[in-house]
file upload_30.csv (CSV, C-alpha atoms)
chain,number,residue,atom,x,y,z
A,1,MET,CA,-79.6,-164.3,106.4
A,2,LYS,CA,-81.3,-161.0,106.9
A,3,PHE,CA,-79.3,-157.8,106.4
A,4,LYS,CA,-79.9,-154.4,108.0
A,5,ASN,CA,-79.7,-152.7,104.5
A,6,LEU,CA,-81.7,-155.4,102.7
A,7,SER,CA,-84.1,-152.9,101.3
A,8,LEU,CA,-81.3,-150.8,100.0
A,9,LEU,CA,-79.8,-153.8,98.3
A,10,ALA,CA,-83.1,-154.9,96.9
A,11,GLY,CA,-83.9,-151.5,95.6
A,12,ALA,CA,-80.5,-151.0,94.1
A,13,PHE,CA,-80.5,-154.5,92.7
A,14,ALA,CA,-83.7,-153.9,90.9
A,15,LEU,CA,-82.6,-150.5,89.8
A,16,SER,CA,-79.5,-152.0,88.3
A,17,LEU,CA,-81.5,-154.5,86.3
A,18,THR,CA,-83.4,-151.9,84.4
A,19,ALA,CA,-82.4,-150.5,81.0
A,20,THR,CA,-83.0,-146.9,82.1
A,21,PRO,CA,-82.6,-146.7,85.8
A,22,TYR,CA,-83.4,-143.1,86.2
A,23,THR,CA,-86.5,-143.1,84.1
A,24,ALA,CA,-89.5,-143.3,86.4
A,25,ASN,CA,-93.3,-143.4,86.0
A,26,ALA,CA,-95.0,-141.1,88.4
A,27,LYS,CA,-98.2,-143.1,88.7
A,28,PRO,CA,-96.7,-146.1,90.5
A,29,ALA,CA,-94.9,-143.8,92.9
A,30,GLN,CA,-98.3,-142.1,93.7
A,31,GLN,CA,-99.9,-145.5,94.2
A,32,VAL,CA,-97.2,-146.5,96.5
A,33,ALA,CA,-97.5,-143.3,98.4
A,34,GLN,CA,-101.3,-143.8,98.7
A,35,ALA,CA,-100.8,-147.4,99.9
A,36,ASN,CA,-98.4,-146.2,102.6
A,37,GLN,CA,-100.8,-143.3,103.4
A,38,GLN,CA,-98.1,-140.7,102.6
A,39,PRO,CA,-99.9,-138.2,100.5
A,40,ASN,CA,-97.1,-135.7,100.6
A,41,VAL,CA,-94.6,-137.9,98.7
A,42,ALA,CA,-93.5,-136.3,95.5
A,43,PRO,CA,-93.2,-138.6,92.5
A,44,PRO,CA,-89.7,-139.3,91.1
A,45,PRO,CA,-88.5,-136.9,88.4
A,46,GLN,CA,-89.2,-137.8,84.8
A,47,ILE,CA,-85.8,-137.9,83.3
A,48,SER,CA,-85.5,-138.5,79.6
A,49,LEU,CA,-82.3,-140.1,78.4
A,50,THR,CA,-80.9,-139.5,75.0
A,51,PRO,CA,-80.3,-142.5,72.7
A,52,GLN,CA,-76.6,-142.1,73.5
A,53,GLN,CA,-77.3,-142.1,77.2
A,54,GLN,CA,-79.6,-145.1,76.9
A,55,GLU,CA,-76.8,-147.0,75.1
A,56,GLN,CA,-74.3,-146.1,77.8
A,57,VAL,CA,-76.7,-147.3,80.5
A,58,LYS,CA,-77.3,-150.6,78.6
A,59,LYS,CA,-73.5,-151.2,78.5
A,60,ILE,CA,-73.2,-150.5,82.2
A,61,ASN,CA,-76.1,-152.8,83.0
A,62,LEU,CA,-74.6,-155.6,80.9
A,63,GLN,CA,-71.5,-155.3,83.0
A,64,VAL,CA,-73.5,-155.2,86.2
A,65,ARG,CA,-75.4,-158.4,85.2
A,66,SER,CA,-72.1,-160.1,84.3
A,67,ASP,CA,-70.6,-159.0,87.7
A,68,ILE,CA,-73.7,-160.2,89.6
A,69,ASN,CA,-73.7,-163.5,87.8
A,70,LYS,CA,-70.0,-164.0,89.0
A,71,VAL,CA,-71.1,-163.5,92.6
A,72,LEU,CA,-74.2,-165.8,92.5
A,73,THR,CA,-74.0,-169.6,92.5
A,74,PRO,CA,-75.6,-171.5,89.6
A,75,GLY,CA,-78.6,-172.2,91.7
A,76,GLN,CA,-79.0,-168.6,92.7
A,77,ARG,CA,-78.7,-167.5,89.0
A,78,LYS,CA,-81.5,-169.8,88.1
A,79,GLN,CA,-83.6,-168.6,91.0
A,80,LEU,CA,-82.9,-165.0,90.0
A,81,GLU,CA,-84.1,-165.7,86.5
A,82,THR,CA,-87.2,-167.4,87.8
A,83,SER,CA,-88.0,-164.6,90.2
A,84,LEU,CA,-87.5,-161.9,87.6
A,85,LYS,CA,-89.8,-163.8,85.1
A,86,ALA,CA,-92.4,-164.1,87.9
A,87,ARG,CA,-92.1,-160.3,88.4
A,88,ARG,CA,-91.4,-160.7,92.1
A,89,THR,CA,-90.6,-157.6,94.2
A,90,PRO,CA,-86.9,-156.7,94.8
A,91,GLN,CA,-87.4,-157.7,98.5
A,92,GLU,CA,-88.8,-161.0,97.5
A,93,ILE,CA,-86.0,-161.6,95.0
A,94,THR,CA,-83.4,-160.8,97.7
A,95,THR,CA,-85.1,-163.3,100.0
A,96,ASP,CA,-85.4,-165.9,97.3
A,97,LEU,CA,-81.7,-165.8,96.6
A,98,LYS,CA,-80.7,-166.5,100.2
A,99,LEU,CA,-77.5,-164.5,99.9
A,100,THR,CA,-74.6,-165.0,102.2
A,101,GLN,CA,-73.4,-161.9,104.0
A,102,GLN,CA,-70.3,-161.8,101.7
A,103,GLN,CA,-72.5,-162.0,98.6
A,104,GLY,CA,-74.8,-159.3,99.9
A,105,GLN,CA,-71.8,-157.0,100.5
A,106,LYS,CA,-70.4,-157.7,97.0
A,107,LEU,CA,-73.7,-157.1,95.3
A,108,ARG,CA,-74.1,-153.9,97.1
A,109,GLN,CA,-70.7,-152.8,96.0
A,110,ILE,CA,-71.4,-153.7,92.4
A,111,VAL,CA,-74.7,-151.8,92.4
A,112,VAL,CA,-73.4,-148.7,94.1
A,113,ALA,CA,-70.5,-148.5,91.7
A,114,SER,CA,-72.8,-148.8,88.7
A,115,GLN,CA,-75.1,-146.2,90.0
A,116,GLN,CA,-72.2,-143.8,90.6
A,117,GLN,CA,-70.9,-144.5,87.1
A,118,ILE,CA,-74.3,-143.7,85.6
A,119,PHE,CA,-74.7,-140.6,87.8
A,120,THR,CA,-71.3,-139.2,87.1
A,121,LYS,CA,-70.6,-140.3,83.5
A,122,VAL,CA,-73.9,-140.6,81.8
A,123,LEU,CA,-76.3,-138.0,83.2
A,124,THR,CA,-76.0,-134.4,82.4
A,125,GLU,CA,-75.7,-131.8,85.2
A,126,GLN,CA,-79.3,-130.9,84.8
A,127,GLN,CA,-80.4,-134.5,85.2
A,128,ARG,CA,-78.2,-134.9,88.3
A,129,GLN,CA,-79.8,-131.8,89.8
A,130,GLN,CA,-83.3,-133.2,89.2
A,131,ILE,CA,-82.3,-136.4,91.0
A,132,LYS,CA,-80.6,-134.5,93.9
A,133,GLN,CA,-83.7,-132.3,94.4
A,134,TYR,CA,-85.9,-135.4,94.4
A,135,GLN,CA,-83.7,-137.1,97.0
A,136,GLN,CA,-83.7,-134.0,99.2
A,137,SER,CA,-87.5,-133.7,99.0
A,138,ARG,CA,-87.7,-137.3,100.1
A,139,GLN,CA,-85.4,-136.7,103.1
A,140,SER,CA,-87.2,-133.5,104.3
A,141,PRO,CA,-89.5,-134.0,107.3
A,142,ARG,CA,-93.2,-134.6,106.6
call {"tool": "encode", "arguments": {"input": "upload_30.csv", "output": "structure tokens"}}
result
Amino acid sequence: MKFKNLSLLAGAFALSLTATPYTANAKPAQQVAQANQQPNVAPPPQISLTPQQQEQVKKINLQVRSDINKVLTPGQRKQLETSLKARRTPQEITTDLKLTQQQGQKLRQIVVASQQQIFTKVLTEQQRQQIKQYQQSRQSPR
């Protein structure tokens, strides 16, 4: 089943599965921008997490993985593992899992809650500002 916000779920899902979700490499973002012929796209901010922050994010991500596994069927969990090992894109993984509408909504809730937790409880005010500025730059007309 296709969802209107499938790309949001896919991006959020992939983001939640990383150890440091707000650490980004500018080069891939630039490559994506070039591939989409959007030369004015700024790369994501480089946010360095302290060892303590990294540990907090790891704990949150362990909980996210546990919560996601509770939503997925055994077959979907196996497919997720296979897709991740094959380094499939978030969109491909979402398609591979063949989520029901209820599963998609639940996963979206899990991911959004974890992102909010990281944003409000792990990141410093300066790190939050960097992300907000980046998000605003992405929303401005090109």
call {"tool": "atom_distance", "arguments": {"input": "upload_30.csv", "atom1": "CA of Gln105 (chain A)", "atom2": "CA of Asp67 (chain A)"}}
result
13.0 Å
call {"tool": "atom_distance", "arguments": {"input": "upload_30.csv", "atom1": "CA of Ile110 (chain A)", "atom2": "CA of Ile47 (chain A)"}}
result
23.2 Å
call {"tool": "atom_distance", "arguments": {"input": "upload_30.csv", "atom1": "CA of Thr124 (chain A)", "atom2": "CA of Ser48 (chain A)"}}
result
10.7 Å
call {"tool": "closest_residue", "arguments": {"input": "upload_30.csv", "among": "A:Gln53, A:Thr94, A:Lys85, A:Gln129", "to": "Leu107 (chain A)", "atoms": "all atoms listed in the file"}}
result
A:Thr94
call {"tool": "closest_residue", "arguments": {"input": "upload_30.csv", "among": "A:Lys132, A:Arg65, A:Lys70, A:Arg87", "to": "Val111 (chain A)", "atoms": "all atoms listed in the file"}}
result
A:Arg65
